Amino acid sequence: MPDTWLSKINWSEDGLIPVIAQEADSGKVLMVAWMNRDALKLTVEKREAVYWSRSRKKLWHKGEESGHIQKLKDIYLDCDEDVLLLIVEQIGGIACHTGRHNCFFQKLENNEWVIAAPVIKDPLEIYNK
C-alpha cells in the first residue's frame, strides 16, 4: 500500500501529530496522545491504536501492558490537517493509566479541580501483573 496518504498530514516540526481517541459507542473523548508516521502506519495496518510516547521516546501499542487495547473503527483528519480523530472500541472499558474510563476525570468546580470519575480498577492490579 503506498504511503502517499501520509503526506497530506501537516506533521509538527518534531514529526508528530496530536490524536484524539473517541469511544465509538458513547462518543466520549477517552484520551489525547501523539503519533508519528510509523505509529499511524501501524495503527492502520493493525486496526489497533499505536501511539508515540513522548516521555519514553518509543512506539506504544495502547494496551500492550494493560490489555486495554483500542480497536480502530475510523480515522478522521481535521480541516487544518494537523489533528487526528480516532474512533475506537475501548477494550476493557479503561483508557486511562489511572484505572479510569477516560483521561478527562478532573473537573473544575468553584475554581478547584475535583475528581469527577471513579477508578474502575486499581492501576497496581493493571500494571504490576
# chains A, B, ... in the order shown; residues from 1 in each chain; ligands from 1
$ select_by_dssp --residues "range 12-121 of chain A" --states "strand (DSSP E or B)" --output "mmCIF file with all heavy atoms, in the first residue's frame"
data_model
loop_
_atom_site.group_PDB
_atom_site.id
_atom_site.type_symbol
_atom_site.label_atom_id
_atom_site.label_comp_id
_atom_site.auth_asym_id
_atom_site.auth_seq_id
_atom_site.Cartn_x
_atom_site.Cartn_y
_atom_site.Cartn_z
ATOM 1 N N ILE A 17 1.871 14.335 15.362
ATOM 2 C CA ILE A 17 0.538 14.909 15.207
ATOM 3 C C ILE A 17 -0.265 14.522 16.438
ATOM 4 O O ILE A 17 -0.182 13.376 16.900
ATOM 5 C CB ILE A 17 -0.157 14.438 13.904
ATOM 6 C CG1 ILE A 17 -1.470 15.191 13.658
ATOM 7 C CG2 ILE A 17 -0.364 12.936 13.882
ATOM 8 C CD1 ILE A 17 -2.069 14.986 12.280
ATOM 9 N N PRO A 18 -1.036 15.481 17.027
ATOM 10 C CA PRO A 18 -1.888 15.117 18.164
ATOM 11 C C PRO A 18 -3.061 14.264 17.692
ATOM 12 O O PRO A 18 -3.582 14.452 16.580
ATOM 13 C CB PRO A 18 -2.362 16.461 18.721
ATOM 14 C CG PRO A 18 -2.136 17.448 17.635
ATOM 15 C CD PRO A 18 -1.093 16.897 16.722
ATOM 16 N N VAL A 19 -3.460 13.345 18.568
ATOM 17 C CA VAL A 19 -4.520 12.392 18.238
ATOM 18 C C VAL A 19 -5.533 12.360 19.380
ATOM 19 O O VAL A 19 -5.161 12.194 20.540
ATOM 20 C CB VAL A 19 -3.937 10.975 18.044
ATOM 21 C CG1 VAL A 19 -5.030 9.992 17.660
ATOM 22 C CG2 VAL A 19 -2.827 10.989 17.016
ATOM 23 N N ILE A 20 -6.797 12.510 19.023
ATOM 24 C CA ILE A 20 -7.890 12.383 19.989
ATOM 25 C C ILE A 20 -8.495 11.006 19.794
ATOM 26 O O ILE A 20 -8.832 10.625 18.666
ATOM 27 C CB ILE A 20 -8.964 13.459 19.749
ATOM 28 C CG1 ILE A 20 -8.360 14.854 19.879
ATOM 29 C CG2 ILE A 20 -10.157 13.271 20.691
ATOM 30 C CD1 ILE A 20 -9.203 15.960 19.276
ATOM 31 N N ALA A 21 -8.620 10.248 20.884
ATOM 32 C CA ALA A 21 -9.287 8.943 20.825
ATOM 33 C C ALA A 21 -10.686 9.098 21.399
ATOM 34 O O ALA A 21 -10.853 9.525 22.543
ATOM 35 C CB ALA A 21 -8.494 7.903 21.601
ATOM 36 N N GLN A 22 -11.681 8.763 20.583
ATOM 37 C CA GLN A 22 -13.083 8.889 20.974
ATOM 38 C C GLN A 22 -13.726 7.513 20.940
ATOM 39 O O GLN A 22 -13.529 6.743 19.993
ATOM 40 C CB GLN A 22 -13.810 9.830 20.021
ATOM 41 C CG GLN A 22 -15.258 10.071 20.368
ATOM 42 C CD GLN A 22 -15.922 11.032 19.386
ATOM 43 O OE1 GLN A 22 -15.520 11.149 18.231
ATOM 44 N NE2 GLN A 22 -16.947 11.716 19.851
ATOM 45 N N GLU A 23 -14.504 7.202 21.959
ATOM 46 C CA GLU A 23 -15.178 5.914 22.037
ATOM 47 C C GLU A 23 -16.335 5.850 21.045
ATOM 48 O O GLU A 23 -17.190 6.743 21.019
ATOM 49 C CB GLU A 23 -15.683 5.699 23.460
ATOM 50 C CG GLU A 23 -16.153 4.303 23.741
ATOM 51 C CD GLU A 23 -16.410 4.097 25.221
ATOM 52 O OE1 GLU A 23 -16.998 4.994 25.872
ATOM 53 O OE2 GLU A 23 -16.031 3.039 25.719
ATOM 54 N N VAL A 29 -14.772 11.382 24.722
ATOM 55 C CA VAL A 29 -13.348 11.523 24.450
ATOM 56 C C VAL A 29 -12.620 10.733 25.522
ATOM 57 O O VAL A 29 -12.800 10.974 26.721
ATOM 58 C CB VAL A 29 -12.914 12.999 24.454
ATOM 59 C CG1 VAL A 29 -11.400 13.109 24.333
ATOM 60 C CG2 VAL A 29 -13.596 13.755 23.322
ATOM 61 N N LEU A 30 -11.792 9.782 25.093
ATOM 62 C CA LEU A 30 -11.082 8.926 26.032
ATOM 63 C C LEU A 30 -9.738 9.509 26.440
ATOM 64 O O LEU A 30 -9.364 9.478 27.606
ATOM 65 C CB LEU A 30 -10.868 7.541 25.422
ATOM 66 C CG LEU A 30 -12.133 6.755 25.084
ATOM 67 C CD1 LEU A 30 -11.783 5.478 24.339
ATOM 68 C CD2 LEU A 30 -12.923 6.454 26.345
ATOM 69 N N MET A 31 -9.004 10.030 25.459
ATOM 70 C CA MET A 31 -7.648 10.491 25.723
ATOM 71 C C MET A 31 -7.117 11.288 24.550
ATOM 72 O O MET A 31 -7.719 11.292 23.471
ATOM 73 C CB MET A 31 -6.717 9.303 26.001
ATOM 74 C CG MET A 31 -6.704 8.276 24.868
ATOM 75 S SD MET A 31 -5.651 6.855 25.194
ATOM 76 C CE MET A 31 -4.090 7.488 24.619
ATOM 77 N N VAL A 32 -6.006 11.948 24.774
ATOM 78 C CA VAL A 32 -5.257 12.631 23.725
ATOM 79 C C VAL A 32 -3.842 12.075 23.777
ATOM 80 O O VAL A 32 -3.268 11.914 24.863
ATOM 81 C CB VAL A 32 -5.243 14.155 23.935
ATOM 82 C CG1 VAL A 32 -4.350 14.830 22.904
ATOM 83 C CG2 VAL A 32 -6.652 14.716 23.866
ATOM 84 N N ALA A 33 -3.291 11.759 22.624
ATOM 85 C CA ALA A 33 -1.931 11.219 22.546
ATOM 86 C C ALA A 33 -1.271 11.781 21.290
ATOM 87 O O ALA A 33 -1.797 12.697 20.660
ATOM 88 C CB ALA A 33 -1.967 9.698 22.530
ATOM 89 N N TRP A 34 -0.139 11.220 20.936
ATOM 90 C CA TRP A 34 0.627 11.675 19.780
ATOM 91 C C TRP A 34 0.967 10.489 18.891
ATOM 92 O O TRP A 34 1.092 9.361 19.364
ATOM 93 C CB TRP A 34 1.919 12.353 20.233
ATOM 94 C CG TRP A 34 1.663 13.584 21.023
ATOM 95 C CD1 TRP A 34 1.425 13.665 22.370
ATOM 96 C CD2 TRP A 34 1.574 14.909 20.522
ATOM 97 N NE1 TRP A 34 1.203 14.964 22.736
ATOM 98 C CE2 TRP A 34 1.304 15.751 21.616
ATOM 99 C CE3 TRP A 34 1.714 15.476 19.257
ATOM 100 C CZ2 TRP A 34 1.153 17.127 21.487
ATOM 101 C CZ3 TRP A 34 1.576 16.844 19.128
ATOM 102 C CH2 TRP A 34 1.290 17.655 20.232
ATOM 103 N N MET A 35 1.121 10.763 17.604
ATOM 104 C CA MET A 35 1.570 9.751 16.650
ATOM 105 C C MET A 35 2.661 10.344 15.776
ATOM 106 O O MET A 35 2.643 11.531 15.470
ATOM 107 C CB MET A 35 0.437 9.284 15.736
ATOM 108 C CG MET A 35 -0.551 8.363 16.364
ATOM 109 S SD MET A 35 -1.727 7.773 15.110
ATOM 110 C CE MET A 35 -2.691 6.661 16.102
ATOM 111 N N GLU A 48 -5.518 -1.313 15.359
ATOM 112 C CA GLU A 48 -5.460 -1.042 16.793
ATOM 113 C C GLU A 48 -4.571 0.177 16.986
ATOM 114 O O GLU A 48 -3.596 0.352 16.251
ATOM 115 C CB GLU A 48 -4.881 -2.227 17.568
ATOM 116 C CG GLU A 48 -5.772 -3.451 17.541
ATOM 117 C CD GLU A 48 -5.169 -4.628 18.296
ATOM 118 O OE1 GLU A 48 -4.016 -4.531 18.783
ATOM 119 O OE2 GLU A 48 -5.849 -5.664 18.383
ATOM 120 N N VAL A 50 -1.791 2.634 17.918
ATOM 121 C CA VAL A 50 -0.375 2.650 18.264
ATOM 122 C C VAL A 50 0.024 4.115 18.305
ATOM 123 O O VAL A 50 -0.189 4.841 17.336
ATOM 124 C CB VAL A 50 0.486 1.883 17.235
ATOM 125 C CG1 VAL A 50 1.961 1.987 17.591
ATOM 126 C CG2 VAL A 50 0.038 0.428 17.119
ATOM 127 N N TYR A 51 0.583 4.546 19.416
ATOM 128 C CA TYR A 51 0.938 5.943 19.599
ATOM 129 C C TYR A 51 2.446 6.092 19.714
ATOM 130 O O TYR A 51 3.181 5.121 19.807
ATOM 131 C CB TYR A 51 0.269 6.506 20.858
ATOM 132 C CG TYR A 51 -1.238 6.450 20.813
ATOM 133 C CD1 TYR A 51 -1.955 5.530 21.574
ATOM 134 C CD2 TYR A 51 -1.958 7.320 20.002
ATOM 135 C CE1 TYR A 51 -3.345 5.482 21.540
ATOM 136 C CE2 TYR A 51 -3.351 7.282 19.958
ATOM 137 C CZ TYR A 51 -4.031 6.357 20.735
ATOM 138 O OH TYR A 51 -5.401 6.324 20.679
ATOM 139 N N TRP A 52 2.905 7.346 19.737
ATOM 140 C CA TRP A 52 4.298 7.661 20.024
ATOM 141 C C TRP A 52 4.347 8.201 21.447
ATOM 142 O O TRP A 52 3.693 9.186 21.766
ATOM 143 C CB TRP A 52 4.856 8.698 19.053
ATOM 144 C CG TRP A 52 6.242 9.122 19.416
ATOM 145 C CD1 TRP A 52 6.607 10.293 20.009
ATOM 146 C CD2 TRP A 52 7.436 8.375 19.234
ATOM 147 N NE1 TRP A 52 7.962 10.320 20.208
ATOM 148 C CE2 TRP A 52 8.500 9.142 19.744
ATOM 149 C CE3 TRP A 52 7.716 7.109 18.700
ATOM 150 C CZ2 TRP A 52 9.815 8.708 19.731
ATOM 151 C CZ3 TRP A 52 9.033 6.680 18.682
ATOM 152 C CH2 TRP A 52 10.063 7.471 19.192
ATOM 153 N N SER A 53 5.083 7.538 22.308
ATOM 154 C CA SER A 53 5.247 8.008 23.680
ATOM 155 C C SER A 53 6.353 9.051 23.711
ATOM 156 O O SER A 53 7.518 8.725 23.481
ATOM 157 C CB SER A 53 5.596 6.842 24.609
ATOM 158 O OG SER A 53 5.937 7.340 25.887
ATOM 159 N N LYS A 58 9.388 6.212 22.300
ATOM 160 C CA LYS A 58 9.245 4.967 21.549
ATOM 161 C C LYS A 58 7.777 4.744 21.188
ATOM 162 O O LYS A 58 6.884 5.379 21.752
ATOM 163 C CB LYS A 58 9.779 3.779 22.349
ATOM 164 C CG LYS A 58 8.963 3.424 23.571
ATOM 165 C CD LYS A 58 9.476 2.147 24.222
ATOM 166 C CE LYS A 58 8.423 1.588 25.167
ATOM 167 N NZ LYS A 58 8.641 0.214 25.512
ATOM 168 N N LEU A 59 7.561 3.837 20.249
ATOM 169 C CA LEU A 59 6.199 3.463 19.880
ATOM 170 C C LEU A 59 5.537 2.780 21.063
ATOM 171 O O LEU A 59 6.181 2.057 21.827
ATOM 172 C CB LEU A 59 6.206 2.528 18.669
ATOM 173 C CG LEU A 59 6.631 3.153 17.347
ATOM 174 C CD1 LEU A 59 6.729 2.083 16.268
ATOM 175 C CD2 LEU A 59 5.674 4.258 16.923
ATOM 176 N N TRP A 60 4.229 3.009 21.181
ATOM 177 C CA TRP A 60 3.456 2.491 22.306
ATOM 178 C C TRP A 60 2.147 1.932 21.754
ATOM 179 O O TRP A 60 1.283 2.682 21.332
ATOM 180 C CB TRP A 60 3.255 3.622 23.303
ATOM 181 C CG TRP A 60 2.111 3.518 24.241
ATOM 182 C CD1 TRP A 60 1.725 2.431 24.973
ATOM 183 C CD2 TRP A 60 1.185 4.557 24.590
ATOM 184 N NE1 TRP A 60 0.636 2.725 25.742
ATOM 185 C CE2 TRP A 60 0.290 4.036 25.528
ATOM 186 C CE3 TRP A 60 1.060 5.893 24.201
ATOM 187 C CZ2 TRP A 60 -0.744 4.780 26.072
ATOM 188 C CZ3 TRP A 60 0.029 6.629 24.747
ATOM 189 C CH2 TRP A 60 -0.859 6.081 25.675
ATOM 190 N N HIS A 61 2.045 0.613 21.712
ATOM 191 C CA HIS A 61 0.807 -0.049 21.303
ATOM 192 C C HIS A 61 -0.134 0.014 22.499
ATOM 193 O O HIS A 61 0.101 -0.641 23.514
ATOM 194 C CB HIS A 61 1.092 -1.492 20.897
ATOM 195 C CG HIS A 61 -0.099 -2.215 20.376
ATOM 196 N ND1 HIS A 61 -0.032 -3.509 19.960
ATOM 197 C CD2 HIS A 61 -1.382 -1.837 20.176
ATOM 198 C CE1 HIS A 61 -1.225 -3.910 19.559
ATOM 199 N NE2 HIS A 61 -2.052 -2.895 19.677
ATOM 200 N N GLN A 70 -7.183 -0.428 22.000
ATOM 201 C CA GLN A 70 -8.196 0.362 21.309
ATOM 202 C C GLN A 70 -8.321 -0.160 19.890
ATOM 203 O O GLN A 70 -7.406 -0.012 19.079
ATOM 204 C CB GLN A 70 -7.805 1.845 21.301
ATOM 205 C CG GLN A 70 -7.821 2.452 22.675
ATOM 206 C CD GLN A 70 -7.361 3.894 22.707
ATOM 207 O OE1 GLN A 70 -6.681 4.362 21.804
ATOM 208 N NE2 GLN A 70 -7.721 4.592 23.762
ATOM 209 N N LYS A 71 -9.440 -0.807 19.607
ATOM 210 C CA LYS A 71 -9.702 -1.331 18.265
ATOM 211 C C LYS A 71 -10.193 -0.179 17.393
ATOM 212 O O LYS A 71 -11.157 0.497 17.729
ATOM 213 C CB LYS A 71 -10.715 -2.454 18.305
ATOM 214 C CG LYS A 71 -10.191 -3.680 19.028
ATOM 215 C CD LYS A 71 -10.931 -4.913 18.570
ATOM 216 C CE LYS A 71 -10.315 -6.140 19.175
ATOM 217 N NZ LYS A 71 -9.279 -6.720 18.361
ATOM 218 N N LEU A 72 -9.521 0.011 16.278
ATOM 219 C CA LEU A 72 -9.805 1.125 15.384
ATOM 220 C C LEU A 72 -11.064 0.884 14.563
ATOM 221 O O LEU A 72 -11.217 -0.155 13.929
ATOM 222 C CB LEU A 72 -8.610 1.341 14.455
ATOM 223 C CG LEU A 72 -8.710 2.505 13.485
ATOM 224 C CD1 LEU A 72 -8.714 3.831 14.238
ATOM 225 C CD2 LEU A 72 -7.545 2.461 12.503
ATOM 226 N N LYS A 73 -11.948 1.874 14.583
ATOM 227 C CA LYS A 73 -13.149 1.851 13.744
ATOM 228 C C LYS A 73 -12.964 2.787 12.554
ATOM 229 O O LYS A 73 -13.209 2.407 11.417
ATOM 230 C CB LYS A 73 -14.381 2.268 14.554
ATOM 231 C CG LYS A 73 -14.678 1.388 15.746
ATOM 232 C CD LYS A 73 -15.057 0.002 15.315
ATOM 233 C CE LYS A 73 -15.462 -0.838 16.502
ATOM 234 N NZ LYS A 73 -15.742 -2.216 16.124
ATOM 235 N N ASP A 74 -12.555 4.046 12.828
ATOM 236 C CA ASP A 74 -12.371 5.060 11.785
ATOM 237 C C ASP A 74 -11.285 6.032 12.198
ATOM 238 O O ASP A 74 -11.009 6.200 13.389
ATOM 239 C CB ASP A 74 -13.663 5.862 11.555
ATOM 240 C CG ASP A 74 -14.760 5.051 10.893
ATOM 241 O OD1 ASP A 74 -14.527 4.571 9.762
ATOM 242 O OD2 ASP A 74 -15.827 4.907 11.508
ATOM 243 N N ILE A 75 -10.709 6.705 11.190
ATOM 244 C CA ILE A 75 -9.754 7.789 11.429
ATOM 245 C C ILE A 75 -10.210 8.998 10.618
ATOM 246 O O ILE A 75 -10.558 8.868 9.445
ATOM 247 C CB ILE A 75 -8.324 7.426 10.976
ATOM 248 C CG1 ILE A 75 -7.802 6.215 11.726
ATOM 249 C CG2 ILE A 75 -7.382 8.609 11.168
ATOM 250 C CD1 ILE A 75 -6.400 5.801 11.303
ATOM 251 N N TYR A 76 -10.186 10.165 11.263
ATOM 252 C CA TYR A 76 -10.518 11.421 10.598
ATOM 253 C C TYR A 76 -9.359 12.395 10.750
ATOM 254 O O TYR A 76 -8.688 12.424 11.782
ATOM 255 C CB TYR A 76 -11.775 12.054 11.216
ATOM 256 C CG TYR A 76 -13.026 11.256 10.997
ATOM 257 C CD1 TYR A 76 -13.426 10.290 11.905
ATOM 258 C CD2 TYR A 76 -13.811 11.470 9.872
ATOM 259 C CE1 TYR A 76 -14.581 9.543 11.707
ATOM 260 C CE2 TYR A 76 -14.967 10.731 9.665
ATOM 261 C CZ TYR A 76 -15.346 9.773 10.586
ATOM 262 O OH TYR A 76 -16.493 9.043 10.377
ATOM 263 N N LEU A 77 -9.154 13.214 9.731
ATOM 264 C CA LEU A 77 -8.164 14.283 9.735
ATOM 265 C C LEU A 77 -8.913 15.605 9.756
ATOM 266 O O LEU A 77 -9.861 15.792 8.982
ATOM 267 C CB LEU A 77 -7.292 14.170 8.472
ATOM 268 C CG LEU A 77 -6.161 15.165 8.288
ATOM 269 C CD1 LEU A 77 -5.128 15.060 9.401
ATOM 270 C CD2 LEU A 77 -5.495 14.932 6.920
ATOM 271 N N LEU A 84 -5.587 14.404 14.371
ATOM 272 C CA LEU A 84 -6.319 13.192 14.007
ATOM 273 C C LEU A 84 -7.361 12.865 15.067
ATOM 274 O O LEU A 84 -7.140 13.102 16.260
ATOM 275 C CB LEU A 84 -5.372 11.996 13.882
ATOM 276 C CG LEU A 84 -4.390 12.014 12.729
ATOM 277 C CD1 LEU A 84 -3.428 10.845 12.844
ATOM 278 C CD2 LEU A 84 -5.119 11.974 11.402
ATOM 279 N N LEU A 85 -8.469 12.298 14.621
ATOM 280 C CA LEU A 85 -9.509 11.776 15.499
ATOM 281 C C LEU A 85 -9.631 10.289 15.221
ATOM 282 O O LEU A 85 -9.905 9.895 14.079
ATOM 283 C CB LEU A 85 -10.844 12.488 15.234
ATOM 284 C CG LEU A 85 -12.068 11.923 15.953
ATOM 285 C CD1 LEU A 85 -11.928 12.069 17.466
ATOM 286 C CD2 LEU A 85 -13.341 12.610 15.458
ATOM 287 N N LEU A 86 -9.403 9.476 16.237
ATOM 288 C CA LEU A 86 -9.585 8.040 16.123
ATOM 289 C C LEU A 86 -10.899 7.658 16.782
ATOM 290 O O LEU A 86 -11.145 8.045 17.934
ATOM 291 C CB LEU A 86 -8.465 7.275 16.841
ATOM 292 C CG LEU A 86 -7.241 6.872 16.061
ATOM 293 C CD1 LEU A 86 -6.554 8.043 15.426
ATOM 294 C CD2 LEU A 86 -6.295 6.077 16.924
ATOM 295 N N ILE A 87 -11.725 6.954 16.068
ATOM 296 C CA ILE A 87 -12.944 6.382 16.638
ATOM 297 C C ILE A 87 -12.587 4.940 16.975
ATOM 298 O O ILE A 87 -12.194 4.174 16.090
ATOM 299 C CB ILE A 87 -14.127 6.445 15.644
ATOM 300 C CG1 ILE A 87 -14.318 7.873 15.094
ATOM 301 C CG2 ILE A 87 -15.395 5.900 16.290
ATOM 302 C CD1 ILE A 87 -14.630 8.923 16.134
ATOM 303 N N VAL A 88 -12.699 4.609 18.272
ATOM 304 C CA VAL A 88 -12.209 3.311 18.728
ATOM 305 C C VAL A 88 -13.224 2.575 19.589
ATOM 306 O O VAL A 88 -14.129 3.182 20.166
ATOM 307 C CB VAL A 88 -10.897 3.475 19.543
ATOM 308 C CG1 VAL A 88 -9.802 4.116 18.703
ATOM 309 C CG2 VAL A 88 -11.125 4.249 20.828
ATOM 310 N N GLU A 89 -13.022 1.272 19.668
ATOM 311 C CA GLU A 89 -13.698 0.453 20.668
ATOM 312 C C GLU A 89 -12.670 0.237 21.773
ATOM 313 O O GLU A 89 -11.601 -0.341 21.517
ATOM 314 C CB GLU A 89 -14.131 -0.886 20.078
ATOM 315 C CG GLU A 89 -14.732 -1.826 21.092
ATOM 316 C CD GLU A 89 -14.943 -3.236 20.550
ATOM 317 O OE1 GLU A 89 -14.733 -3.468 19.344
ATOM 318 O OE2 GLU A 89 -15.294 -4.113 21.357
ATOM 319 N N GLN A 90 -12.966 0.719 22.956
ATOM 320 C CA GLN A 90 -12.036 0.604 24.080
ATOM 321 C C GLN A 90 -12.261 -0.725 24.780
ATOM 322 O O GLN A 90 -13.259 -0.926 25.449
ATOM 323 C CB GLN A 90 -12.228 1.766 25.062
ATOM 324 C CG GLN A 90 -11.293 1.726 26.253
ATOM 325 C CD GLN A 90 -9.839 1.842 25.848
ATOM 326 O OE1 GLN A 90 -9.441 2.815 25.241
ATOM 327 N NE2 GLN A 90 -9.056 0.838 26.190
ATOM 328 N N GLN A 106 -10.838 15.091 35.796
ATOM 329 C CA GLN A 106 -10.726 16.219 36.725
ATOM 330 C C GLN A 106 -11.570 17.379 36.202
ATOM 331 O O GLN A 106 -11.355 17.857 35.101
ATOM 332 C CB GLN A 106 -9.265 16.641 36.866
ATOM 333 C CG GLN A 106 -8.403 15.519 37.440
ATOM 334 C CD GLN A 106 -6.971 15.926 37.590
ATOM 335 O OE1 GLN A 106 -6.645 16.657 38.524
ATOM 336 N NE2 GLN A 106 -6.132 15.474 36.664
ATOM 337 N N LYS A 107 -12.526 17.789 37.002
ATOM 338 C CA LYS A 107 -13.486 18.814 36.594
ATOM 339 C C LYS A 107 -13.295 20.066 37.442
ATOM 340 O O LYS A 107 -13.140 19.987 38.667
ATOM 341 C CB LYS A 107 -14.902 18.261 36.789
ATOM 342 C CG LYS A 107 -15.997 19.194 36.362
ATOM 343 C CD LYS A 107 -17.351 18.539 36.571
ATOM 344 C CE LYS A 107 -18.468 19.459 36.156
ATOM 345 N NZ LYS A 107 -19.789 18.877 36.424
ATOM 346 N N LEU A 108 -13.320 21.231 36.792
ATOM 347 C CA LEU A 108 -13.186 22.497 37.508
ATOM 348 C C LEU A 108 -14.527 22.892 38.109
ATOM 349 O O LEU A 108 -15.503 23.090 37.395
ATOM 350 C CB LEU A 108 -12.673 23.594 36.571
ATOM 351 C CG LEU A 108 -12.340 24.926 37.228
ATOM 352 C CD1 LEU A 108 -11.201 24.771 38.240
ATOM 353 C CD2 LEU A 108 -11.986 25.963 36.176
ATOM 354 N N GLU A 109 -14.562 22.974 39.432
ATOM 355 C CA GLU A 109 -15.761 23.407 40.153
ATOM 356 C C GLU A 109 -15.336 24.410 41.209
ATOM 357 O O GLU A 109 -14.485 24.103 42.053
ATOM 358 C CB GLU A 109 -16.457 22.215 40.823
ATOM 359 C CG GLU A 109 -17.122 21.276 39.852
ATOM 360 C CD GLU A 109 -17.870 20.140 40.546
ATOM 361 O OE1 GLU A 109 -17.844 20.071 41.792
ATOM 362 O OE2 GLU A 109 -18.464 19.326 39.828
ATOM 363 N N GLU A 112 -11.640 24.981 41.697
ATOM 364 C CA GLU A 112 -10.842 23.856 42.186
ATOM 365 C C GLU A 112 -11.074 22.653 41.285
ATOM 366 O O GLU A 112 -12.173 22.427 40.795
ATOM 367 C CB GLU A 112 -11.230 23.491 43.616
ATOM 368 C CG GLU A 112 -10.831 24.536 44.633
ATOM 369 C CD GLU A 112 -11.033 24.049 46.056
ATOM 370 O OE1 GLU A 112 -10.842 22.840 46.309
ATOM 371 O OE2 GLU A 112 -11.374 24.887 46.897
ATOM 372 N N TRP A 113 -10.013 21.881 41.083
ATOM 373 C CA TRP A 113 -10.127 20.649 40.302
ATOM 374 C C TRP A 113 -10.588 19.527 41.220
ATOM 375 O O TRP A 113 -9.948 19.243 42.235
ATOM 376 C CB TRP A 113 -8.784 20.283 39.664
ATOM 377 C CG TRP A 113 -8.374 21.276 38.630
ATOM 378 C CD1 TRP A 113 -7.401 22.220 38.740
ATOM 379 C CD2 TRP A 113 -8.925 21.425 37.317
ATOM 380 N NE1 TRP A 113 -7.321 22.961 37.589
ATOM 381 C CE2 TRP A 113 -8.245 22.492 36.693
ATOM 382 C CE3 TRP A 113 -9.940 20.781 36.603
ATOM 383 C CZ2 TRP A 113 -8.536 22.909 35.393
ATOM 384 C CZ3 TRP A 113 -10.223 21.196 35.316
ATOM 385 C CH2 TRP A 113 -9.533 22.249 34.723
ATOM 386 N N VAL A 114 -11.710 18.916 40.864
ATOM 387 C CA VAL A 114 -12.250 17.808 41.653
ATOM 388 C C VAL A 114 -12.293 16.554 40.788
ATOM 389 O O VAL A 114 -12.447 16.622 39.567
ATOM 390 C CB VAL A 114 -13.653 18.127 42.220
ATOM 391 C CG1 VAL A 114 -13.592 19.296 43.180
ATOM 392 C CG2 VAL A 114 -14.648 18.406 41.109
ATOM 393 N N ILE A 115 -12.160 15.414 41.441
ATOM 394 C CA ILE A 115 -12.216 14.128 40.744
ATOM 395 C C ILE A 115 -13.680 13.839 40.428
ATOM 396 O O ILE A 115 -14.519 13.754 41.333
ATOM 397 C CB ILE A 115 -11.613 12.999 41.597
ATOM 398 C CG1 ILE A 115 -10.168 13.330 41.990
ATOM 399 C CG2 ILE A 115 -11.720 11.665 40.873
ATOM 400 C CD1 ILE A 115 -9.216 13.488 40.836
#
$ closest_residue --among "A:Trp11, A:Asn36, A:Pro123, A:Ile91" --to "Gly67 in chain A" --atoms "only C-alpha atoms"
A:Ile91
$ atom_distance --atom1 "CA of Asp78 in chain A" --atom2 "CA of Leu16 in chain A"
14.7 Å
